[in-house]
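Data file: final-v4.cif. Format and content: mmCIF, C-alpha atoms.
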data_target
#
loop_
_atom_site.label_atom_id
_atom_site.label_comp_id
_atom_site.auth_asym_id
_atom_site.auth_seq_id
_atom_site.Cartn_x
_atom_site.Cartn_y
_atom_site.Cartn_z
CA MET A 90 -14.89 -5.35 15.33
CA ALA A 91 -12.75 -2.68 13.68
CA ALA A 92 -11.03 -0.27 16.06
CA ASN A 93 -10.07 3.24 15.03
CA VAL A 94 -6.87 4.30 16.74
CA TYR A 95 -5.11 7.58 16.01
CA ASP A 96 -1.43 6.96 16.66
CA ASP A 97 1.35 9.53 16.58
CA VAL A 98 2.42 11.13 13.32
CA ASN A 99 5.69 9.19 13.10
CA VAL A 100 5.91 7.32 9.83
CA TYR A 101 7.46 4.05 8.73
CA SER A 102 10.74 4.61 6.94
CA ARG A 103 14.23 3.32 7.43
CA GLU A 104 15.95 6.33 5.95
CA ILE A 105 13.43 9.14 5.56
CA ALA A 106 12.60 11.55 8.38
CA VAL A 107 9.15 13.01 8.90
CA PRO A 108 8.81 15.48 6.00
CA HIS A 109 7.99 19.18 6.07
CA PHE A 110 4.42 19.75 4.98
CA ASP A 111 4.01 22.91 2.92
CA ALA A 112 0.60 24.55 2.80
CA ARG A 113 0.52 25.20 -0.94
CA PRO A 114 1.97 23.90 -4.20
CA VAL A 115 4.93 25.54 -5.94
CA ARG A 116 3.92 28.43 -8.25
CA ILE A 117 5.64 30.04 -11.23
CA VAL A 118 6.19 33.16 -9.17
CA ASP A 119 8.10 31.05 -6.61
CA LEU A 120 10.34 29.59 -9.30
CA ALA A 121 11.00 33.04 -10.78
CA LYS A 122 11.99 34.45 -7.42
CA GLU A 123 14.30 31.50 -6.67
CA LEU A 124 15.98 31.74 -10.07
CA GLY A 125 16.18 35.54 -10.15
CA LEU A 126 14.22 35.67 -13.41
CA SER A 127 11.01 37.29 -14.52
CA VAL A 128 7.73 35.39 -14.24
CA ALA A 129 7.27 35.82 -18.00
CA THR A 130 10.63 34.16 -18.79
CA VAL A 131 9.93 31.20 -16.50
CA SER A 132 6.42 30.80 -17.91
CA ARG A 133 7.67 30.84 -21.51
CA ALA A 134 10.37 28.25 -20.71
CA LEU A 135 7.89 25.92 -19.06
CA ASN A 136 5.64 26.25 -22.11
CA ASN A 137 8.55 25.37 -24.43
CA SER A 138 8.63 28.76 -26.10
CA ASP A 139 11.45 29.35 -28.62
CA SER A 140 11.92 32.84 -27.23
CA VAL A 141 13.98 31.49 -24.31
CA ARG A 142 17.54 30.27 -24.92
CA ALA A 143 17.72 26.46 -24.89
CA GLU A 144 20.33 26.34 -22.11
CA LEU A 145 18.37 28.69 -19.86
CA ALA A 146 15.10 26.93 -20.60
CA GLU A 147 16.64 23.60 -19.57
CA GLN A 148 17.90 25.11 -16.30
CA ILE A 149 14.44 26.47 -15.57
CA ARG A 150 12.72 23.15 -16.32
CA SER A 151 15.27 21.21 -14.23
CA HIS A 152 14.72 23.54 -11.28
CA ALA A 153 10.94 23.22 -11.66
CA GLU A 154 11.23 19.43 -11.67
CA ARG A 155 13.33 19.43 -8.51
CA ARG A 156 10.83 21.69 -6.78
CA GLY A 157 7.85 19.54 -7.77
CA TYR A 158 6.19 22.23 -9.91
CA VAL A 159 3.13 21.05 -11.86
CA ALA A 160 1.35 23.23 -14.41
CA ASN A 161 -2.36 23.85 -13.88
CA ARG A 162 -3.26 22.62 -17.34
CA LEU A 163 -6.97 22.23 -16.73
CA ALA A 164 -7.21 25.79 -15.53
CA ARG A 165 -5.91 26.93 -18.91
CA SER A 166 -8.54 25.05 -20.84
CA LEU A 167 -11.62 24.88 -18.64
CA ARG A 168 -13.77 27.79 -17.67
CA SER A 169 -14.89 26.10 -14.47
CA ARG A 170 -12.37 25.69 -11.66
CA THR A 171 -14.55 23.32 -9.60
CA ARG A 172 -12.55 20.21 -8.65
CA ASN A 173 -14.82 17.19 -8.29
CA PHE A 174 -12.27 14.40 -8.66
CA VAL A 175 -10.13 12.44 -6.20
CA GLY A 176 -7.21 10.30 -7.38
CA PHE A 177 -6.51 6.81 -6.01
CA LEU A 178 -3.09 5.30 -6.77
CA VAL A 179 -2.83 1.53 -6.23
CA PRO A 180 0.00 -0.88 -7.09
CA ASP A 181 -2.18 -3.54 -8.72
CA ILE A 182 -5.89 -3.63 -9.48
CA GLU A 183 -5.75 -7.43 -9.94
CA ASN A 184 -4.89 -7.65 -6.25
CA LEU A 185 -8.25 -8.46 -4.69
CA ALA A 186 -7.50 -6.26 -1.69
CA TYR A 187 -7.07 -3.13 -3.83
CA SER A 188 -9.97 -3.93 -6.14
CA ILE A 189 -12.26 -4.19 -3.09
CA ALA A 190 -10.86 -0.94 -1.71
CA ALA A 191 -11.14 0.90 -5.05
CA ASP A 192 -14.75 -0.17 -5.53
CA ALA A 193 -15.66 0.89 -1.99
CA CYS A 194 -13.79 4.22 -2.28
CA ALA A 195 -15.59 5.02 -5.54
CA ARG A 196 -18.97 4.47 -3.88
CA TYR A 197 -18.15 6.43 -0.74
CA MET A 198 -16.61 9.34 -2.69
CA ALA A 199 -19.68 9.49 -4.92
CA ASN A 200 -21.81 9.91 -1.79
CA SER A 201 -19.65 12.94 -0.96
CA GLY A 202 -20.03 14.43 -4.44
CA TYR A 203 -16.66 13.33 -5.86
CA GLN A 204 -15.65 10.97 -8.65
CA LEU A 205 -12.69 8.62 -8.20
CA ILE A 206 -9.89 8.50 -10.78
CA LEU A 207 -7.94 5.24 -10.48
CA ALA A 208 -4.24 5.02 -11.39
CA ILE A 209 -1.91 2.01 -11.21
CA SER A 210 1.78 2.11 -10.32
CA GLY A 211 2.64 -1.56 -10.84
CA ASP A 212 4.93 -1.03 -7.81
CA ASP A 213 7.29 0.73 -10.23
CA PRO A 214 8.66 4.08 -8.93
CA GLN A 215 8.81 5.60 -12.43
CA LEU A 216 5.27 4.59 -13.30
CA GLU A 217 4.23 5.89 -9.91
CA HIS A 218 5.78 9.28 -10.68
CA SER A 219 4.09 9.45 -14.07
CA ALA A 220 0.69 8.43 -12.68
CA LEU A 221 0.80 10.91 -9.80
CA ARG A 222 1.95 13.71 -12.09
CA SER A 223 -1.01 13.04 -14.39
CA LEU A 224 -3.43 13.10 -11.47
CA ILE A 225 -2.01 16.38 -10.16
CA GLU A 226 -2.09 17.90 -13.65
CA ALA A 227 -5.76 16.90 -13.75
CA GLN A 228 -6.16 19.11 -10.65
CA VAL A 229 -7.73 16.41 -8.48
CA ALA A 230 -9.03 17.74 -5.18
CA GLY A 231 -7.22 15.06 -3.17
CA LEU A 232 -5.09 11.94 -3.46
CA ILE A 233 -5.28 8.50 -1.85
CA VAL A 234 -1.91 6.78 -2.29
CA ALA A 235 -0.60 3.26 -1.66
CA PRO A 236 3.10 4.13 -2.19
CA THR A 237 5.82 1.99 -3.73
CA ALA A 238 8.80 0.87 -1.64
CA GLU A 239 11.25 3.14 -3.47
CA MET A 240 9.38 6.35 -4.22
CA THR A 241 11.73 8.84 -5.89
CA PRO A 242 12.62 12.24 -4.37
CA SER A 243 11.05 13.96 -7.37
CA THR A 244 7.76 12.18 -6.68
CA ARG A 245 7.86 13.30 -3.07
CA ALA A 246 8.44 16.87 -4.25
CA LEU A 247 5.54 16.49 -6.67
CA LEU A 248 3.15 15.82 -3.79
CA THR A 249 4.11 18.97 -1.88
CA GLY A 250 1.01 21.00 -1.19
CA SER A 251 -1.42 18.25 -2.26
CA SER A 252 -4.12 16.80 -0.01
CA VAL A 253 -2.73 13.27 0.43
CA VAL A 254 -3.83 10.32 2.56
CA GLU A 255 -1.76 7.13 2.52
CA PHE A 256 -3.65 3.85 2.23
CA ASN A 257 -2.57 0.35 3.38
CA ARG A 258 1.10 1.36 3.14
CA THR A 259 2.97 4.34 4.49
CA ALA A 260 6.15 6.08 3.31
CA GLY A 261 6.00 9.41 5.12
CA LEU A 262 4.02 11.31 2.49
CA SER A 263 1.32 12.77 4.68
CA LYS A 264 0.11 13.57 8.15
CA TYR A 265 -2.68 11.07 7.51
CA ALA A 266 -2.69 7.32 6.83
CA VAL A 267 -5.34 4.60 6.97
CA LEU A 268 -3.80 1.20 7.62
CA CYS A 269 -4.55 -2.31 8.78
CA ALA A 270 -3.12 -3.30 12.19
CA GLU A 271 -0.83 -5.78 10.42
CA GLU A 272 1.60 -6.62 13.21
CA ALA A 273 -1.14 -7.56 15.65
CA ALA A 274 -2.97 -9.57 12.98
CA PHE A 275 0.04 -11.70 12.10
CA ALA A 276 1.01 -12.16 15.73
CA ARG A 277 -2.52 -13.52 16.26
CA ALA A 278 -2.24 -15.87 13.27
CA THR A 279 1.13 -17.15 14.49
CA ARG A 280 -0.25 -17.66 18.00
CA HIS A 281 -3.10 -19.70 16.48
CA LEU A 282 -0.57 -22.07 14.88
CA LEU A 283 1.54 -22.27 18.04
CA ASP A 284 -1.51 -23.07 20.14
CA LEU A 285 -2.25 -25.96 17.78
CA GLY A 286 1.22 -27.33 18.55
CA HIS A 287 3.14 -26.28 15.44
CA LYS A 288 6.85 -25.80 15.95
CA SER A 289 8.06 -25.68 12.33
CA ILE A 290 6.26 -22.69 10.76
CA ALA A 291 7.22 -21.32 7.32
CA TYR A 292 6.42 -17.78 6.23
CA ILE A 293 5.99 -16.39 2.71
CA GLY A 294 5.35 -12.66 2.85
CA THR A 295 5.55 -9.28 1.16
CA THR A 296 9.03 -7.76 1.05
CA ASP A 297 9.80 -5.86 4.24
CA SER A 298 10.84 -2.82 2.21
CA LEU A 299 7.09 -2.10 2.14
CA SER A 300 5.64 -0.91 5.43
CA ASN A 301 2.88 -3.51 5.56
CA GLY A 302 5.34 -6.30 4.72
CA HIS A 303 7.63 -5.08 7.49
CA GLU A 304 4.80 -5.05 10.03
CA ARG A 305 3.48 -8.52 9.09
CA LEU A 306 6.95 -10.01 9.44
CA ALA A 307 7.40 -8.22 12.77
CA GLY A 308 4.18 -9.78 14.07
CA VAL A 309 5.29 -13.29 13.15
CA ARG A 310 8.74 -12.81 14.66
CA ARG A 311 7.36 -11.23 17.83
CA GLU A 312 5.01 -14.10 18.58
CA LEU A 313 7.61 -16.75 17.79
CA ALA A 314 10.08 -14.95 20.06
CA ASN A 315 7.46 -14.96 22.83
CA ALA A 316 7.29 -18.73 22.38
CA GLY A 317 11.07 -19.03 22.68
CA THR A 318 11.71 -19.78 19.01
CA GLY A 319 12.18 -17.96 15.70
CA LEU A 320 11.70 -18.10 11.94
CA ASP A 321 13.98 -20.53 10.13
CA PRO A 322 15.71 -18.59 7.30
CA LEU A 323 15.33 -21.70 5.10
CA TRP A 324 11.57 -21.45 5.51
CA THR A 325 11.23 -17.68 5.10
CA ARG A 326 10.59 -15.90 1.80
CA LEU A 327 10.10 -12.13 1.41
CA LEU A 328 8.89 -11.26 -2.08
CA PRO A 329 7.15 -8.78 -4.34
CA PRO A 330 3.40 -9.30 -3.72
CA THR A 331 2.48 -11.13 -6.93
CA GLU A 332 0.63 -14.39 -7.48
CA LYS A 333 3.50 -15.69 -9.63
CA ASP A 334 6.03 -15.10 -6.86
CA GLY A 335 3.77 -16.79 -4.34
CA TYR A 336 3.34 -19.84 -6.54
CA GLU A 337 7.01 -20.25 -7.43
CA SER A 338 8.21 -19.59 -3.90
CA ALA A 339 5.79 -22.08 -2.34
CA ARG A 340 6.77 -24.79 -4.81
CA ALA A 341 10.47 -24.26 -4.13
CA LEU A 342 10.06 -24.05 -0.35
CA LEU A 343 7.81 -27.12 -0.09
CA SER A 344 9.93 -29.24 -2.45
CA GLY A 345 12.87 -29.34 -0.05
CA PRO A 346 14.10 -32.38 1.90
CA SER A 347 12.02 -31.35 4.92
CA ARG A 348 8.64 -29.69 5.02
CA PRO A 349 7.23 -27.32 7.66
CA SER A 350 4.15 -28.42 9.55
CA ALA A 351 2.47 -25.08 8.83
CA LEU A 352 2.69 -22.33 6.19
CA LEU A 353 1.62 -18.74 6.87
CA VAL A 354 1.29 -16.41 3.84
CA GLY A 355 1.39 -12.62 4.22
CA SER A 356 -0.18 -11.14 1.07
CA SER A 357 -3.39 -11.56 -0.89
CA ASN A 358 -1.67 -12.24 -4.22
CA LEU A 359 1.04 -14.39 -2.64
CA SER A 360 -1.71 -16.40 -0.91
CA MET A 361 -3.44 -17.20 -4.19
CA GLY A 362 -0.20 -18.40 -5.73
CA ALA A 363 0.85 -20.40 -2.67
CA ALA A 364 -2.55 -22.08 -2.33
CA ARG A 365 -2.42 -23.11 -5.99
CA ALA A 366 1.08 -24.57 -5.54
CA VAL A 367 -0.02 -26.54 -2.47
CA ARG A 368 -2.97 -28.01 -4.38
CA GLU A 369 -0.91 -28.88 -7.46
CA MET A 370 1.76 -30.56 -5.33
CA GLY A 371 -0.87 -32.81 -3.80
CA ILE A 372 -0.15 -31.72 -0.24
CA HIS A 373 -3.11 -32.69 1.96
CA VAL A 374 -4.25 -29.74 4.05
CA PRO A 375 -4.36 -29.88 7.04
CA ASP A 376 -3.36 -33.55 7.41
CA GLU A 377 0.15 -33.01 6.03
CA MET A 378 0.47 -29.25 6.53
CA SER A 379 -1.66 -26.46 7.96
CA LEU A 380 -2.17 -23.36 5.81
CA VAL A 381 -3.04 -19.77 6.78
CA VAL A 382 -3.58 -17.18 4.04
CA TYR A 383 -4.27 -13.44 3.83
CA GLY A 384 -6.90 -11.35 2.07
CA ASP A 385 -10.63 -11.37 1.50
CA SER A 386 -12.03 -14.38 3.35
CA ARG A 387 -14.61 -15.14 0.65
CA TRP A 388 -12.17 -16.79 -1.75
CA GLY A 389 -10.89 -18.98 1.09
CA GLU A 390 -14.36 -20.53 1.27
CA LEU A 391 -13.93 -21.83 -2.30
CA TYR A 392 -10.82 -23.87 -1.42
CA GLU A 393 -11.21 -27.40 -0.08
CA PRO A 394 -10.81 -27.48 2.83
CA GLY A 395 -11.81 -23.88 3.66
CA LEU A 396 -8.76 -21.71 4.35
CA THR A 397 -8.01 -20.06 7.66
CA THR A 398 -7.61 -16.41 6.62
CA VAL A 399 -6.25 -13.15 8.02
CA THR A 400 -8.92 -10.79 6.70
CA ALA A 401 -8.12 -7.09 6.44
CA PRO A 402 -11.09 -4.69 6.82
CA TYR A 403 -10.76 -3.09 3.37
CA GLN A 404 -14.36 -1.88 3.28
CA ASP A 405 -13.95 -0.09 6.60
CA MET A 406 -10.54 1.23 5.56
CA ALA A 407 -12.07 2.63 2.36
CA ARG A 408 -14.84 4.31 4.37
CA ARG A 409 -12.31 5.87 6.74
CA VAL A 410 -9.93 7.12 4.02
CA THR A 411 -12.73 8.71 2.00
CA ASP A 412 -14.01 10.42 5.14
CA ILE A 413 -10.57 11.92 5.80
CA VAL A 414 -10.05 13.01 2.17
CA SER A 415 -13.52 14.57 2.00
CA ARG A 416 -12.87 16.55 5.16
CA MET A 417 -9.41 17.62 3.97
CA VAL A 418 -10.59 19.00 0.64
CA ALA A 419 -13.48 20.74 2.39
CA GLY A 420 -10.95 22.60 4.52
CA ASP A 421 -11.81 20.86 7.80
CA GLY A 422 -8.89 21.63 10.10
CA GLY A 423 -10.16 19.45 12.93
CA ILE A 424 -8.98 16.07 11.64
CA PRO A 425 -6.63 14.45 14.19
CA PHE A 426 -3.16 13.91 12.73
CA GLY A 427 -1.62 10.45 12.59
CA ARG A 428 -2.35 6.94 11.49
CA THR A 429 -5.73 5.29 11.70
CA ARG A 430 -5.29 1.55 12.23
CA LEU A 431 -8.18 -0.86 11.80
CA GLU A 432 -8.05 -4.37 13.22
CA ALA A 433 -7.98 -7.44 11.00
CA GLU A 434 -9.96 -10.59 11.72
CA LEU A 435 -8.61 -14.15 11.87
CA VAL A 436 -11.24 -16.38 10.25
CA VAL A 437 -10.46 -19.93 11.37
CA ARG A 438 -11.47 -22.74 9.02
CA ARG A 439 -10.45 -26.37 8.43
CA SER A 440 -7.04 -25.66 6.80
CA THR A 441 -5.41 -25.47 10.24
CA ALA A 442 -5.21 -28.35 12.71
CA ARG A 443 -2.77 -29.98 15.10
CA PRO A 444 0.41 -31.34 13.44
CA ALA A 445 0.11 -34.85 12.08
CA SER A 446 2.76 -36.22 14.47
CA GLU A 447 0.90 -34.94 17.53
CA SER A 448 -2.49 -36.06 16.21
CA ALA A 449 -1.10 -39.55 15.67
CA GLY A 450 0.32 -39.58 19.17
CA GLY A 451 -3.06 -38.81 20.72
#

Starting from the file, give its structure as structure tokens.
Amino acid sequence: MAANVYDDVNVYSREIAVPHFDARPVRIVDLAKELGLSVATVSRALNNSDSVRAELAEQIRSHAERRGYVANRLARSLRSRTRNFVGFLVPDIENLAYSIAADACARYMANSGYQLILAISGDDPQLEHSALRSLIEAQVAGLIVAPTAEMTPSTRALLTGSSVVEFNRTAGLSKYAVLCAEEAAFARATRHLLDLGHKSIAYIGTTDSLSNGHERLAGVRRELANAGTGLDPLWTRLLPPTEKDGYESARALLSGPSRPSALLVGSSNLSMGAARAVREMGIHVPDEMSLVVYGDSRWGELYEPGLTTVTAPYQDMARRVTDIVSRMVAGDGGIPFGRTRLEAELVVRRSTARPASESAGG
């Protein structure tokens, strides 16, 4: 059962402190005052008018970029100022987790009278900046963001004054975030393998430069430490969350002179790639190796044997994030600050069993 827990407002970041949250976006009048210029001069420069000297115009545009200024382009062209759109930035729509979340968010936002605009960052900070800028220029009422690991300072400035809720990952962009309780989930999955008698556990997971990758790894390490052991660096891979990386990493890891008795995978895309590699290599699961994957449990049912799966509550997360965004854009000041964490479920199937050596020994 999903649990809603409002934690403190502290955010995951190795280098970035909790940001200052301004109440409104940067305006032309702000830029003019800061630069000691007239509003007309700044406006003409930002509209690429030839009446402003090139050198001065470049200084004005550079300052505007640093301050995160975005022109209200729709307001210039549309007679109506009603904002009925919410933007949702995801790293990868082919990732089953985000496709489930996007579909659910679209339905829930529609029930609240909003349409969802989907944008994809590809986990590329520059594409992320471009996508978010386009959404803000479209004057969306709010933003749901799954941030990249290396968001640029200019992108952070861009979001100043916007109604933002972070989703599945956090990088200190907002007072609000809706997340999965990743650390607890992966501690539980690790404990499941330890209880079966596994002592050599390999882990393939999302890079720990992403908040969810960091928390999953922390859960594995915590539970192994509680058992008086740790992750073997030779059997640990931290990667970009792509199916290709999962496949190639699993093949390399499992082709070594020794093989772990269990493999735990910490990403939906990585899981698909790793499961394919295990099947192609002819490794008998669970007789030769136990396998635990991550993501929507439905695809694990299609594998033979059925895969034990850490299942994140993406439907419930989508419902929660749309509720927060809807209340934010409606001006509801009573939303508790902090992170909402929803519990994941460990769905145990036949891909996990006692190690072969112990089974043989009775």

Requested in this report: Find the residues near Thr259 of chain A: any atom within 12 Å, counting only C-alpha atoms, skip ones fewer than 2 places away on the same chain, and give them as an MDAnalysis selection string.
Outcome: chainID A and resid 98:103 105 107 233:240 253:257 261:269 298:304 427:430

Requested in this report: Just the residues within 6 Å of segment 173-178 of chain A, please, counting only C-alpha atoms, with nothing from its chain fewer than 6 positions along; format it as a PyMOL selection string.
Outcome: chain A and resi 203-209+229-234

If we count all atoms listed in the file, what is near segment 286-296 of chain A at a cut-off of 7 Å, once residues fewer than 6 positions away on the same chain are taken out, given as a short mmCIF file (atom, residue, chain, number, x, y, z; two decimals) with C-alpha atoms, in the coordinates of the input?
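Result file result33.cif:
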data_model
loop_
_atom_site.label_atom_id
_atom_site.label_comp_id
_atom_site.auth_asym_id
_atom_site.auth_seq_id
_atom_site.Cartn_x
_atom_site.Cartn_y
_atom_site.Cartn_z
CA GLY A 302 5.34 -6.30 4.72
CA TRP A 324 11.57 -21.45 5.51
CA THR A 325 11.23 -17.68 5.10
CA ARG A 326 10.59 -15.90 1.80
CA LEU A 327 10.10 -12.13 1.41
CA LEU A 328 8.89 -11.26 -2.08
CA PRO A 329 7.15 -8.78 -4.34
CA PRO A 330 3.40 -9.30 -3.72
CA PRO A 349 7.23 -27.32 7.66
CA SER A 350 4.15 -28.42 9.55
CA ALA A 351 2.47 -25.08 8.83
CA LEU A 352 2.69 -22.33 6.19
CA LEU A 353 1.62 -18.74 6.87
CA VAL A 354 1.29 -16.41 3.84
CA GLY A 355 1.39 -12.62 4.22
CA SER A 356 -0.18 -11.14 1.07
CA ARG A 443 -2.77 -29.98 15.10
CA PRO A 444 0.41 -31.34 13.44
#

Residue members of the PyMOL selection byres ((chain A and resi 336) around 8) in the file shown, as a compact mmCIF listing (two decimals) with C-alpha atoms, in the coordinates of the input:
# COMPACT_ATOMS: atom_id res chain seq x y z
CA GLU A 332 0.63 -14.39 -7.48
CA LYS A 333 3.50 -15.69 -9.63
CA ASP A 334 6.03 -15.10 -6.86
CA GLY A 335 3.77 -16.79 -4.34
CA GLU A 337 7.01 -20.25 -7.43
CA SER A 338 8.21 -19.59 -3.90
CA ALA A 339 5.79 -22.08 -2.34
CA ARG A 340 6.77 -24.79 -4.81
CA LEU A 359 1.04 -14.39 -2.64
CA MET A 361 -3.44 -17.20 -4.19
CA GLY A 362 -0.20 -18.40 -5.73
CA ALA A 363 0.85 -20.40 -2.67
CA ALA A 364 -2.55 -22.08 -2.33
CA ARG A 365 -2.42 -23.11 -5.99
CA ALA A 366 1.08 -24.57 -5.54

Query raised in the report: Looking at A:Asp139, A:Glu271, A:Leu145, A:Leu343, which one is nearest to Gly371 of chain A, with distances taken over only C-alpha atoms?
Result: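 With only C-alpha atoms as the atom set, the closest residue is A:Leu343.
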
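For the atom pair formed by atom CA of Thr331 of chain A and atom CA of Tyr187 of chain A, the distance is 12.8 Å, given to one decimal.
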
Query - Of the listed residues A:Leu323, A:Arg277, A:Val382, A:Arg155, that which approaches Thr244 of chain A most closely, counting all atoms listed in the file - result: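 The shortest atom-to-atom distance to Thr244 of chain A comes from A:Arg155.
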
**Report entry** Contacts of Val159 of chain A within 9 Å, all atoms listed in the file, excl. fewer than 3 positions in-chain, as an MDAnalysis selection string
**Finding:** chainID A and resid 114:116 153:154 162 222 225:226 247
